[in-house]
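Here is the structure we will look at, set down as structure tokens.
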Amino acid sequence: MKSFLKTVLAVMVGLFATSVLGTFLLTCTMISSLAMADGSSSNVSTQPGDVMFLKINGEVTEIPSALPFSFDPMSGFQMAQDHSLRSYLNAIAIAKVDPNIVGIYLNTDGMSASPASYEAIHDALADFRTSGKWVIAYNDSYSLGQYYVSSVADSLFVNTIGTVALDGLTSTRLYPKALLDKLGIEMQVFRVGTFKSAVEPYMIEHMSEANRLQIETYLRNIWNQMAGEIAASRNLTVEKVNMLANEPVSYMSHEELATTGLVDGMLYKSDVEQKILALTGHDELQGVTASSLVQGCYERWFPQDRDTKVAVLYAAGEISSESHNTTGDDGIYYEDLIADIRDIADDDDVAAVVLRVNSPGGSAFASEQIWKALTDLKAKKPLVVSMGDYAASGGYYISCMADYIFAEPNTLTGSIGVFGVVPNFSKLVTGKFGVNFEEVKTHQFGPLTATRALSSAEKQKVQSGIEEFYTLFTHRCAEGRNLPIENILEVAGGRVWTGGDAQRFGLVDELGNVDQAVAKAAELAGLADVPYSKVSYPFPKSSLESFLELMEENTNDLTLRVADKVLGSTPADRSVIRFIGGLQRADHVQARTFDAVVF
């Protein structure tokens, strides 16, 4: 028996030692590889007649991931690819000015994005074509967003048995209140703003008329923008595009699709590539990928070392109540962002600043701290805001004090409103599991916990705090936009607007992209005749730093990532998971919106 136990113990110790040693060696190998990658430089050079292969096959983010690789619960860790909007726009800009590049071969199979990001890439490709170079697009099949981006091409092809999903726009919301009631989970909600819909699913079982109105309004605005540009690119009328969307196109036979004017041909991929060869005069496809072009050529065409600089500071993701990013997750961590703001403010080489905001908001406390830091920055140098997919609620809060604000026509902004959520799980654990919570307090009010319902006096206090912050929010907007408070109150109430409506109400100054915002910032700084560099902040961390930070990631964050991957199959699904996960760590007072447009 002793011999058997010794054997079992030896095997267990051996397995443990092997596991530890294997993990150690793997970690050392990865650290070594990442360190070598950080120290390497790319020497990409283009050749006459090159084609840029622009393949967009993932979810487009505002900026590159903070982590050098991603986690997939099915296959483990994988090296991350750069699917950032910034990278794609930079690649198109290089291809436009590089005389060796004759055209772009565009493929958007697998691409997903929000409306303003689709629009930004579409517009960049349209600008590329003004150089006299061509764009040829091919997909096996097109979603609506993919087709919108590709419609600007000189020639647009789809597979012989492919489809085009020109079916219009949809926004889907999950309303779980009835289920929560059955489970005994009460979400105690406090808000200011009839249109503040982020918490509506916890209050009622069906969409309110106010929320339906605002969603219908901005969906119609986004669709009209897209339909007009598709019609112009494809030499169709808007009426024809709307008629096709009502068919809908995705249910057409292949013979019918070929006659709509939406595509220039239904071909195999190899046939499309033969057309590209005919344009270039080469025997085989010759060119560079978009990612290698950005890594190897960007500074050659857009120098970063000039004495005078315009800083582009990216604020992307939800505004977190956590001060620092210790996990590598995307988002706005207020003390990290404030540190960058102060560094830029103190840098004498930086003459002006563009704040690129792509955020649905988040913590009210963190938003106010960022607002203060940006106000201090604005006192030293011009500050221009460029809005991306979202600059809503807290995202608008940190934008409103700028000297000048740009939004994309399809930016979702506004949502000037506040809410708070205090969950109560007492009915669940008591009714289902027989567990009681007993509380002893020295005073009338105790901490807000999830173990009991709030008293009427506590609810009144929380609601008063929400209303007080709403008053501060609206006054910040009125002062920042130099508008009477009455004007702000008319468009506030938590309502979401697209960029065009926001401009009409004075919430933004002009419709345009980040490059136009940079030009405006340079103008305000008096740089008309001064060469300057456009420099992005924050500076990316090395792969090694990001890897070591990932090793510190806690179990809750990892669990949320797994749920995001397994359950979040669509942008709307992922938004729900991230929203619920965020509430677990959030302040009680939130300035955020929750709306997803599904293509």
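Residues are referred to by chain and number: the chain letter is A, B, ... according to the order shown in the structure tokens, the number counts from 1 in that chain, and ligands are numbered separately from 1 in the order shown.
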
Contacts of region 161-165 of chain A at 10 Å (only C-alpha atoms; same-chain gap of 5+ positions) as a VMD selection string: chain A and resid 139 to 147 245 248 to 255 257 262 to 263 266 to 268 599

Considering only C-alpha atoms, return as a PyMOL selection string whatever protein or nucleic-acid residues lie within 6 Å of region 320-326 of chain A, sequence-local ones (same chain, fewer than 5 positions apart) excluded. chain A and resi 332-336+363+366

Could you write out the selected residues, including C-alpha atoms, as a CSV table (one decimal), in the first residue's frame?
chain,number,residue,atom,x,y,z
A,332,ILE,CA,-11.2,54.6,-21.2
A,333,TYR,CA,-9.5,54.5,-17.8
A,334,TYR,CA,-9.7,58.0,-16.5
A,335,GLU,CA,-6.4,58.4,-14.7
A,336,ASP,CA,-4.5,56.8,-17.6
A,363,SER,CA,-18.9,56.4,-15.3
A,366,ALA,CA,-14.7,59.5,-14.4

Which residue of A:Gly500, A:Thr280, A:Val354, A:Gly193 approaches Thr471 (chain A) most closely, using only C-alpha atoms: A:Gly193

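Atom pair CA of Val535 (chain A) / CA of Val310 (chain A) has a distance of 6.3 Å (rounded to one decimal).
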
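Residues within 12 Å of Val429 (chain A), counting only C-alpha atoms and excluding same-chain residues fewer than 5 positions away, are Leu183, Gly184, Ile185, Glu186, Asn424, Gly434, Val435, Asn436, Phe437, Ala450, Thr451 and Arg452 of chain A.
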
Taking a cut-off of 12 Å and counting only C-alpha atoms, can you build a table that, for each residue of region 409-452 of chain A near region 511-523 of chain A, reports the nearest atom pair and how far apart they are in Å (one decimal), sorted by chain then residue number, as a tab-separated table?
residue	atom	partner	partner_atom	distance
A:Pro409	CA	A:Leu511	CA	6.1
A:Asn410	CA	A:Leu511	CA	9.5
A:Thr411	CA	A:Leu511	CA	9.5

Just write the chosen residues, N, CA and C atoms, as a JSON list (two decimals), in the first residue's frame.
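Once written, result-v5.json looks like this:
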[["chain", "number", "residue", "atom", "x", "y", "z"],
["A", 409, "PRO", "N", -21.50, 62.03, -40.30],
["A", 409, "PRO", "CA", -22.96, 62.05, -40.43],
["A", 409, "PRO", "C", -23.66, 60.92, -39.69],
["A", 410, "ASN", "N", -23.00, 59.75, -39.60],
["A", 410, "ASN", "CA", -23.62, 58.59, -38.95],
["A", 410, "ASN", "C", -23.16, 58.38, -37.52],
["A", 411, "THR", "N", -22.43, 59.33, -36.95],
["A", 411, "THR", "CA", -22.08, 59.26, -35.54],
["A", 411, "THR", "C", -23.35, 59.28, -34.68]]

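Counting from CA of Arg356 (chain A), the distance to CA of Glu468 (chain A) is 28.2 Å.
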
For Gly465 (chain A), work out the shell of residues within 12 Å, counting only C-alpha atoms and skipping chain neighbours fewer than 3 positions away, then give it as an MDAnalysis selection string. chainID A and resid 190:192 364:365 418:420 458:462 468:472 588:590

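Near Ser270 (chain A), within a cut-off of 12 Å and counting only C-alpha atoms, sit the residues Tyr138, Asn139, Asp140, Phe157, Val158, Asn159, Thr160, Lys275, Ile276, Leu277, Glu284 and Leu285 of chain A, with same-chain residues fewer than 5 positions away left out.
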
Residues within 8 Å of Ser533 (chain A), only C-alpha atoms, excluding chain neighbours under 5 positions, as an MDAnalysis selection string: chainID A and resid 302:310

Kindly export the residues of the current selection with all heavy atoms, as a compact mmCIF listing (two decimals), in the first residue's frame.
# COMPACT_ATOMS: atom_id res chain seq x y z
N PHE A 302 4.44 60.13 -44.14
CA PHE A 302 3.85 61.05 -43.15
C PHE A 302 4.82 61.15 -41.96
O PHE A 302 4.64 60.47 -40.95
CB PHE A 302 2.48 60.55 -42.69
CG PHE A 302 1.51 60.36 -43.83
CD1 PHE A 302 1.28 59.09 -44.35
CD2 PHE A 302 0.86 61.43 -44.40
CE1 PHE A 302 0.40 58.91 -45.42
CE2 PHE A 302 -0.02 61.26 -45.45
CZ PHE A 302 -0.24 59.99 -45.97
N PRO A 303 5.85 61.99 -42.07
CA PRO A 303 6.90 62.07 -41.05
C PRO A 303 6.35 62.38 -39.66
O PRO A 303 5.43 63.20 -39.51
CB PRO A 303 7.79 63.22 -41.55
CG PRO A 303 7.51 63.31 -43.01
CD PRO A 303 6.08 62.93 -43.19
N GLN A 304 6.93 61.72 -38.66
CA GLN A 304 6.50 61.90 -37.28
C GLN A 304 7.48 62.74 -36.46
O GLN A 304 7.25 62.97 -35.28
CB GLN A 304 6.34 60.52 -36.61
CG GLN A 304 5.37 59.59 -37.32
CD GLN A 304 3.95 60.06 -37.17
OE1 GLN A 304 3.37 59.98 -36.09
NE2 GLN A 304 3.36 60.55 -38.25
N ASP A 305 8.61 63.15 -37.09
CA ASP A 305 9.68 63.77 -36.31
C ASP A 305 9.82 65.27 -36.54
O ASP A 305 10.86 65.86 -36.25
CB ASP A 305 11.00 63.08 -36.63
CG ASP A 305 11.32 63.10 -38.13
OD1 ASP A 305 10.48 63.58 -38.91
OD2 ASP A 305 12.42 62.64 -38.50
N ARG A 306 8.80 65.92 -37.06
CA ARG A 306 8.87 67.37 -37.24
C ARG A 306 8.78 68.06 -35.88
O ARG A 306 8.20 67.53 -34.93
CB ARG A 306 7.76 67.85 -38.16
CG ARG A 306 8.00 67.44 -39.62
CD ARG A 306 6.82 67.75 -40.50
NE ARG A 306 7.11 67.47 -41.90
CZ ARG A 306 6.20 67.23 -42.83
NH1 ARG A 306 4.92 67.25 -42.51
NH2 ARG A 306 6.56 66.99 -44.07
N ASP A 307 9.35 69.27 -35.83
CA ASP A 307 9.41 69.97 -34.55
C ASP A 307 8.03 70.33 -34.01
O ASP A 307 7.80 70.33 -32.80
CB ASP A 307 10.25 71.25 -34.69
CG ASP A 307 11.71 70.95 -34.94
OD1 ASP A 307 12.14 69.83 -34.58
OD2 ASP A 307 12.41 71.81 -35.51
N THR A 308 7.12 70.67 -34.92
CA THR A 308 5.77 71.06 -34.51
C THR A 308 4.82 69.89 -34.74
O THR A 308 4.87 69.24 -35.78
CB THR A 308 5.29 72.28 -35.30
OG1 THR A 308 6.22 73.35 -35.11
CG2 THR A 308 3.91 72.72 -34.84
N LYS A 309 3.94 69.65 -33.76
CA LYS A 309 3.08 68.48 -33.83
C LYS A 309 1.62 68.85 -33.52
O LYS A 309 1.35 69.76 -32.74
CB LYS A 309 3.54 67.40 -32.85
CG LYS A 309 4.93 66.85 -33.13
CD LYS A 309 5.36 65.86 -32.06
CE LYS A 309 6.67 65.18 -32.44
NZ LYS A 309 7.79 66.10 -32.66
N VAL A 310 0.72 68.11 -34.18
CA VAL A 310 -0.69 68.10 -33.78
C VAL A 310 -0.95 66.72 -33.20
O VAL A 310 -0.75 65.70 -33.89
CB VAL A 310 -1.63 68.38 -34.96
CG1 VAL A 310 -3.09 68.19 -34.53
CG2 VAL A 310 -1.43 69.80 -35.48

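CA of Lys378 (chain A) lies 20.5 Å from CA of Ile319 (chain A).
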
Show which residues sit within 9 Å of region 386-390 of chain A, as a PyMOL selection string. Count only C-alpha atoms, and ignore same-chain residues fewer than 2 positions away. chain A and resi 62+113-117+120+316+354-361+384+392+395-396+399+404-408+410-413+499+512-518

Under the rule that only C-alpha atoms are counted, which of A:Leu236, A:Ala591, A:Val189, A:Ala91 is the nearest residue to Ser292 (chain A)? A:Ala91

Using DSSP assignments from the backbone, pull out every residue in region 238-383 of chain A that falls under alpha helix (DSSP H) and give it to me as a ChimeraX atom specification. /A:238-245,254-258,269-280,290-301,334-346,364-378

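When only C-alpha atoms are used to measure the gap to Glu490 (chain A), the shortest distance among A:Arg86, A:Ile416, A:Lys196, A:Met187 belongs to A:Ile416.
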
Using DSSP on the backbone, list every residue of region 46-187 of chain A that comes out as strand (DSSP E), and give them as a VMD selection string. chain A and resid 50 to 55 69 to 72 76 to 79 101 to 107 134 to 139 155 to 158 186 to 187
